[in-house]
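Below: work-v6.cif (mmCIF, C-alpha atoms)
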data_model
#
loop_
_atom_site.label_atom_id
_atom_site.label_comp_id
_atom_site.auth_asym_id
_atom_site.auth_seq_id
_atom_site.Cartn_x
_atom_site.Cartn_y
_atom_site.Cartn_z
CA MET A 64 -50.20 129.40 39.63
CA LYS A 65 -51.13 133.04 39.20
CA LEU A 66 -53.24 134.61 41.93
CA LYS A 67 -56.49 136.36 41.14
CA LYS A 68 -56.39 140.14 41.36
CA GLY A 69 -58.93 140.07 44.19
CA THR A 70 -56.81 137.61 46.16
CA ILE A 71 -53.76 139.83 45.81
CA LYS A 72 -55.76 142.81 47.09
CA HIS A 73 -57.13 140.70 49.96
CA VAL A 74 -53.68 139.47 51.05
CA GLU A 75 -52.36 143.02 50.88
CA SER A 76 -55.26 144.29 52.98
CA GLU A 77 -54.50 141.59 55.57
CA LEU A 78 -50.86 142.69 55.64
CA PHE A 79 -51.86 146.35 56.09
CA ALA A 80 -54.25 145.34 58.92
CA TYR A 81 -51.92 142.76 60.52
CA HIS A 82 -51.23 144.65 63.76
CA ASP A 83 -54.88 145.65 64.15
CA THR A 84 -55.90 142.03 63.55
CA LYS A 85 -53.53 140.86 66.30
CA LYS A 86 -55.21 143.34 68.67
CA GLU A 87 -58.66 142.16 67.55
CA ILE A 88 -57.72 138.54 68.27
CA GLU A 89 -56.66 139.49 71.79
CA GLN A 90 -59.89 141.46 72.28
CA ILE A 91 -62.06 138.54 71.13
CA ARG A 92 -60.14 136.12 73.38
CA ASP A 93 -60.42 138.52 76.29
CA ASP A 94 -64.17 138.99 75.70
CA ILE A 95 -64.73 135.23 75.61
CA ILE A 96 -62.69 134.59 78.75
CA ARG A 97 -64.24 137.47 80.72
CA SER A 98 -67.82 136.93 79.58
CA THR A 99 -70.28 135.85 82.21
CA PRO A 100 -71.84 132.47 81.64
CA TYR A 101 -75.12 132.77 79.80
CA ASN A 102 -78.08 131.29 81.63
CA ASP A 103 -80.33 129.83 78.96
CA ASN A 104 -82.71 128.49 81.61
CA PRO A 105 -83.61 131.36 83.98
CA GLU A 106 -86.65 129.52 85.39
CA GLY A 107 -84.62 126.69 86.82
CA GLY A 108 -84.92 123.02 86.18
CA ARG A 109 -82.54 121.07 84.02
CA SER A 110 -80.41 123.07 81.62
CA SER A 111 -79.06 121.90 78.29
CA GLU A 112 -75.75 123.63 79.10
CA ARG A 113 -72.85 121.73 80.55
CA GLY A 114 -72.15 122.59 84.17
CA ASP A 115 -68.49 123.45 83.63
CA PRO A 116 -68.01 127.13 82.69
CA THR A 117 -64.28 126.57 82.02
CA ALA A 118 -65.09 123.86 79.49
CA ARG A 119 -67.65 126.17 77.84
CA THR A 120 -65.04 128.96 77.63
CA VAL A 121 -62.48 126.61 76.09
CA GLU A 122 -65.09 125.27 73.68
CA THR A 123 -66.03 128.81 72.65
CA LEU A 124 -62.36 129.74 72.11
CA VAL A 125 -61.84 126.66 69.95
CA THR A 126 -65.05 126.94 67.92
CA HIS A 127 -65.31 130.71 67.47
CA ARG A 128 -65.31 131.05 63.67
CA LYS A 129 -64.09 134.61 63.36
CA LEU A 130 -61.32 134.02 65.91
CA GLU A 131 -60.22 130.88 64.06
CA GLN A 132 -60.13 132.72 60.73
CA LEU A 133 -58.17 135.67 62.09
CA GLU A 134 -55.69 133.36 63.82
CA ARG A 135 -55.21 131.35 60.63
CA ILE A 136 -54.41 134.50 58.64
CA THR A 137 -52.05 136.00 61.23
CA LYS A 138 -50.29 132.67 61.72
CA ALA A 139 -49.69 132.44 57.96
CA ILE A 140 -48.30 135.98 57.91
CA ASP A 141 -46.14 135.24 60.97
CA ASN A 142 -44.76 132.03 59.46
CA ILE A 143 -43.94 133.59 56.10
CA TYR A 144 -42.54 136.78 57.62
CA THR A 145 -40.20 134.97 60.03
CA SER A 146 -38.84 132.82 57.20
CA LEU A 147 -37.98 135.82 55.01
CA PRO A 148 -34.45 137.16 54.54
CA GLU A 149 -33.83 140.51 56.26
CA GLU A 150 -34.18 142.67 53.11
CA ARG A 151 -37.60 141.17 52.37
CA LYS A 152 -38.70 141.66 55.97
CA ARG A 153 -37.68 145.27 55.51
CA LEU A 154 -39.84 145.46 52.38
CA VAL A 155 -42.87 144.25 54.37
CA LYS A 156 -42.18 146.81 57.09
CA LEU A 157 -41.70 149.66 54.61
CA LYS A 158 -44.69 148.83 52.40
CA TYR A 159 -47.29 147.51 54.83
CA TRP A 160 -46.35 148.38 58.41
CA THR A 161 -44.98 151.93 58.18
CA LYS A 162 -47.58 154.56 58.98
CA PRO A 163 -48.08 156.97 57.41
CA GLN A 164 -47.05 155.35 54.15
CA THR A 165 -45.09 157.99 52.27
CA LEU A 166 -42.85 155.88 50.02
CA THR A 167 -43.71 154.87 46.48
CA TRP A 168 -42.36 151.65 44.97
CA ASP A 169 -39.42 153.69 43.66
CA GLY A 170 -38.74 154.98 47.18
CA ILE A 171 -39.01 151.52 48.70
CA ALA A 172 -36.64 150.14 46.05
CA ARG A 173 -34.12 152.90 46.83
CA GLU A 174 -34.33 152.11 50.55
CA LEU A 175 -33.66 148.44 49.76
CA ASN A 176 -30.94 149.18 47.18
CA VAL A 177 -32.72 147.16 44.50
CA SER A 178 -34.61 147.97 41.34
CA ARG A 179 -38.31 148.82 41.46
CA ARG A 180 -39.04 145.64 39.49
CA GLN A 181 -37.06 143.50 41.97
CA ALA A 182 -38.94 144.99 44.93
CA ILE A 183 -42.26 144.21 43.22
CA ARG A 184 -41.10 140.64 42.46
CA TRP A 185 -40.26 140.19 46.13
CA ARG A 186 -43.69 141.52 47.08
CA ASP A 187 -45.36 139.12 44.63
CA ASP A 188 -43.44 136.17 46.08
CA ILE A 189 -44.44 137.15 49.62
CA LEU A 190 -48.11 137.57 48.67
CA HIS A 191 -48.14 134.21 46.87
CA SER A 192 -46.56 132.49 49.86
CA ILE A 193 -49.10 133.94 52.29
CA ALA A 194 -52.05 133.12 50.00
CA ASP A 195 -50.76 129.58 49.58
CA ARG A 196 -50.30 129.13 53.33
CA VAL A 197 -53.85 130.34 54.03
CA GLY A 198 -55.30 128.29 51.17
CA TRP A 199 -56.50 131.14 48.98
CA ARG A 200 -56.25 131.09 45.20
#

In structure tokens, write the structure found in this file.
Amino acid sequence: MKLKKGTIKHVESELFAYHDTKKEIEQIRDDIIRSTPYNDNPEGGRSSERGDPTARTVETLVTHRKLEQLERITKAIDNIYTSLPEERKRLVKLKYWTKPQTLTWDGIARELNVSRRQAIRWRDDILHSIADRVGWR
């Protein structure tokens, strides 16, 4: 099945932001773990909160929507990337993880010793695999 143009752009943007997303996940986790328990009942009496702050922290880690989404995306990228042959891993590094990006598709193809068209086919396969793993169409 052919991916929508917007999906391709979205997967590519996630690949470009992969390392920043990993840092953001750690920051969110750290913020949740280090946060002080919220007292929703400052006047005393019975609270609706459970008395176990560890359980609340674990529950927040498990149910945090943004964290779950970011983890799902990075896990898909991790799984696909680790399963790639070395030359395709190199393509991902050259195209998405090298900063500043100075190579064109022709330059990337030269670095990989393949044709421009072959490099783009590899990219398309990688993007489709990631989109499929995440559940995007």

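Applied to the file shown here, the PyMOL selection byres ((chain A and resi 75) around 10) selects the residues Gly69, Thr70, Ile71, Lys72, His73, Val74, Ser76, Glu77, Leu78, Phe79, Ala80, Tyr81, Lys158, Tyr159, Arg186, Ile189, Leu190, Ile193 and Ala194 of chain A.
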
Just write the chosen residues, C-alpha atoms, as a PDB file, in the frame of the given file.
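Dumped everything to part38.pdb:
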ATOM      1  CA  GLY A  69     -58.930 140.070  44.190  1.00  0.00           C
ATOM      2  CA  THR A  70     -56.810 137.610  46.160  1.00  0.00           C
ATOM      3  CA  ILE A  71     -53.760 139.830  45.810  1.00  0.00           C
ATOM      4  CA  LYS A  72     -55.760 142.810  47.090  1.00  0.00           C
ATOM      5  CA  HIS A  73     -57.130 140.700  49.960  1.00  0.00           C
ATOM      6  CA  VAL A  74     -53.680 139.470  51.050  1.00  0.00           C
ATOM      7  CA  SER A  76     -55.260 144.290  52.980  1.00  0.00           C
ATOM      8  CA  GLU A  77     -54.500 141.590  55.570  1.00  0.00           C
ATOM      9  CA  LEU A  78     -50.860 142.690  55.640  1.00  0.00           C
ATOM     10  CA  PHE A  79     -51.860 146.350  56.090  1.00  0.00           C
ATOM     11  CA  ALA A  80     -54.250 145.340  58.920  1.00  0.00           C
ATOM     12  CA  TYR A  81     -51.920 142.760  60.520  1.00  0.00           C
ATOM     13  CA  LYS A 158     -44.690 148.830  52.400  1.00  0.00           C
ATOM     14  CA  TYR A 159     -47.290 147.510  54.830  1.00  0.00           C
ATOM     15  CA  ARG A 186     -43.690 141.520  47.080  1.00  0.00           C
ATOM     16  CA  ILE A 189     -44.440 137.150  49.620  1.00  0.00           C
ATOM     17  CA  LEU A 190     -48.110 137.570  48.670  1.00  0.00           C
ATOM     18  CA  ILE A 193     -49.100 133.940  52.290  1.00  0.00           C
ATOM     19  CA  ALA A 194     -52.050 133.120  50.000  1.00  0.00           C
TER      20      ALA A 194
END

Name every residue that the PyMOL selection byres ((chain A and resi 148-150) around 10) selects in this structure, writing the answer as a PDB file with C-alpha atoms, in the coordinates of the input with chains first and numbers rising.
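Written out: expr-v3.pdb:
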ATOM      1  CA  TYR A 144     -42.540 136.780  57.620  1.00  0.00           C
ATOM      2  CA  THR A 145     -40.200 134.970  60.030  1.00  0.00           C
ATOM      3  CA  SER A 146     -38.840 132.820  57.200  1.00  0.00           C
ATOM      4  CA  LEU A 147     -37.980 135.820  55.010  1.00  0.00           C
ATOM      5  CA  ARG A 151     -37.600 141.170  52.370  1.00  0.00           C
ATOM      6  CA  LYS A 152     -38.700 141.660  55.970  1.00  0.00           C
ATOM      7  CA  ARG A 153     -37.680 145.270  55.510  1.00  0.00           C
ATOM      8  CA  LEU A 154     -39.840 145.460  52.380  1.00  0.00           C
ATOM      9  CA  VAL A 155     -42.870 144.250  54.370  1.00  0.00           C
ATOM     10  CA  LYS A 156     -42.180 146.810  57.090  1.00  0.00           C
ATOM     11  CA  GLU A 174     -34.330 152.110  50.550  1.00  0.00           C
ATOM     12  CA  LEU A 175     -33.660 148.440  49.760  1.00  0.00           C
ATOM     13  CA  ASN A 176     -30.940 149.180  47.180  1.00  0.00           C
ATOM     14  CA  VAL A 177     -32.720 147.160  44.500  1.00  0.00           C
ATOM     15  CA  ALA A 182     -38.940 144.990  44.930  1.00  0.00           C
ATOM     16  CA  TRP A 185     -40.260 140.190  46.130  1.00  0.00           C
TER      17      TRP A 185
END

- Message: For a test of reading the model, state the distance in Å between CA of Val197 (chain A) and CA of Gln132 (chain A), rounded to one decimal.
- Response: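 Calculated distance between CA of Val197 (chain A) and CA of Gln132 (chain A) is 9.5 Å.
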
For Lys162 (chain A), the closest of A:Arg135, A:His82, A:Arg128, A:Lys68 counting all atoms listed in the file is A:His82

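Distances to Ser192 (chain A) were evaluated for A:Thr167, A:Ser178, A:Asn142, A:Ser98 using all atoms listed in the file, and the minimum falls at A:Asn142.
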
Counting all atoms listed in the file, closest pick from A:Leu130, A:Trp160, A:Arg184, A:Ile171 relative to Arg92 (chain A) is A:Leu130

Correct to one decimal, the distance CA of Arg196 (chain A)-CA of Lys86 (chain A) is 21.5 Å

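The coordinates place CA of Arg180 (chain A) at 22.3 Å from CA of Asp195 (chain A).
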
Which of these residues is nearest to Trp199 (chain A), using all atoms listed in the file: A:Ile136, A:Ile95, A:Ala172, A:Ile183?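 Residue with the minimum atom-to-atom distance to Trp199 (chain A): A:Ile136.
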
Return the single residue from A:Trp168, A:Leu66, A:Arg173, A:Lys85 that is closest to Ile140 (chain A), with distances computed using all atoms listed in the file.
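Counting all atoms listed in the file, the residue closest to Ile140 (chain A) is A:Lys85.
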
Would you compute, for all listed atoms of region 124-138 of chain A, the axis-aligned bounding box grown by 8 Å on each side, and then report its centre and edge lengths in Å rounded to one decimal, as JSON?
{"center_x": -57.8, "center_y": 131.3, "center_z": 65.4, "size_x": 31.0, "size_y": 25.3, "size_z": 29.5}

Nearest to Asp188 (chain A), restricted to only C-alpha atoms and choosing among A:Lys67, A:Glu134, A:Asp83, A:Ile143, comes out as A:Ile143
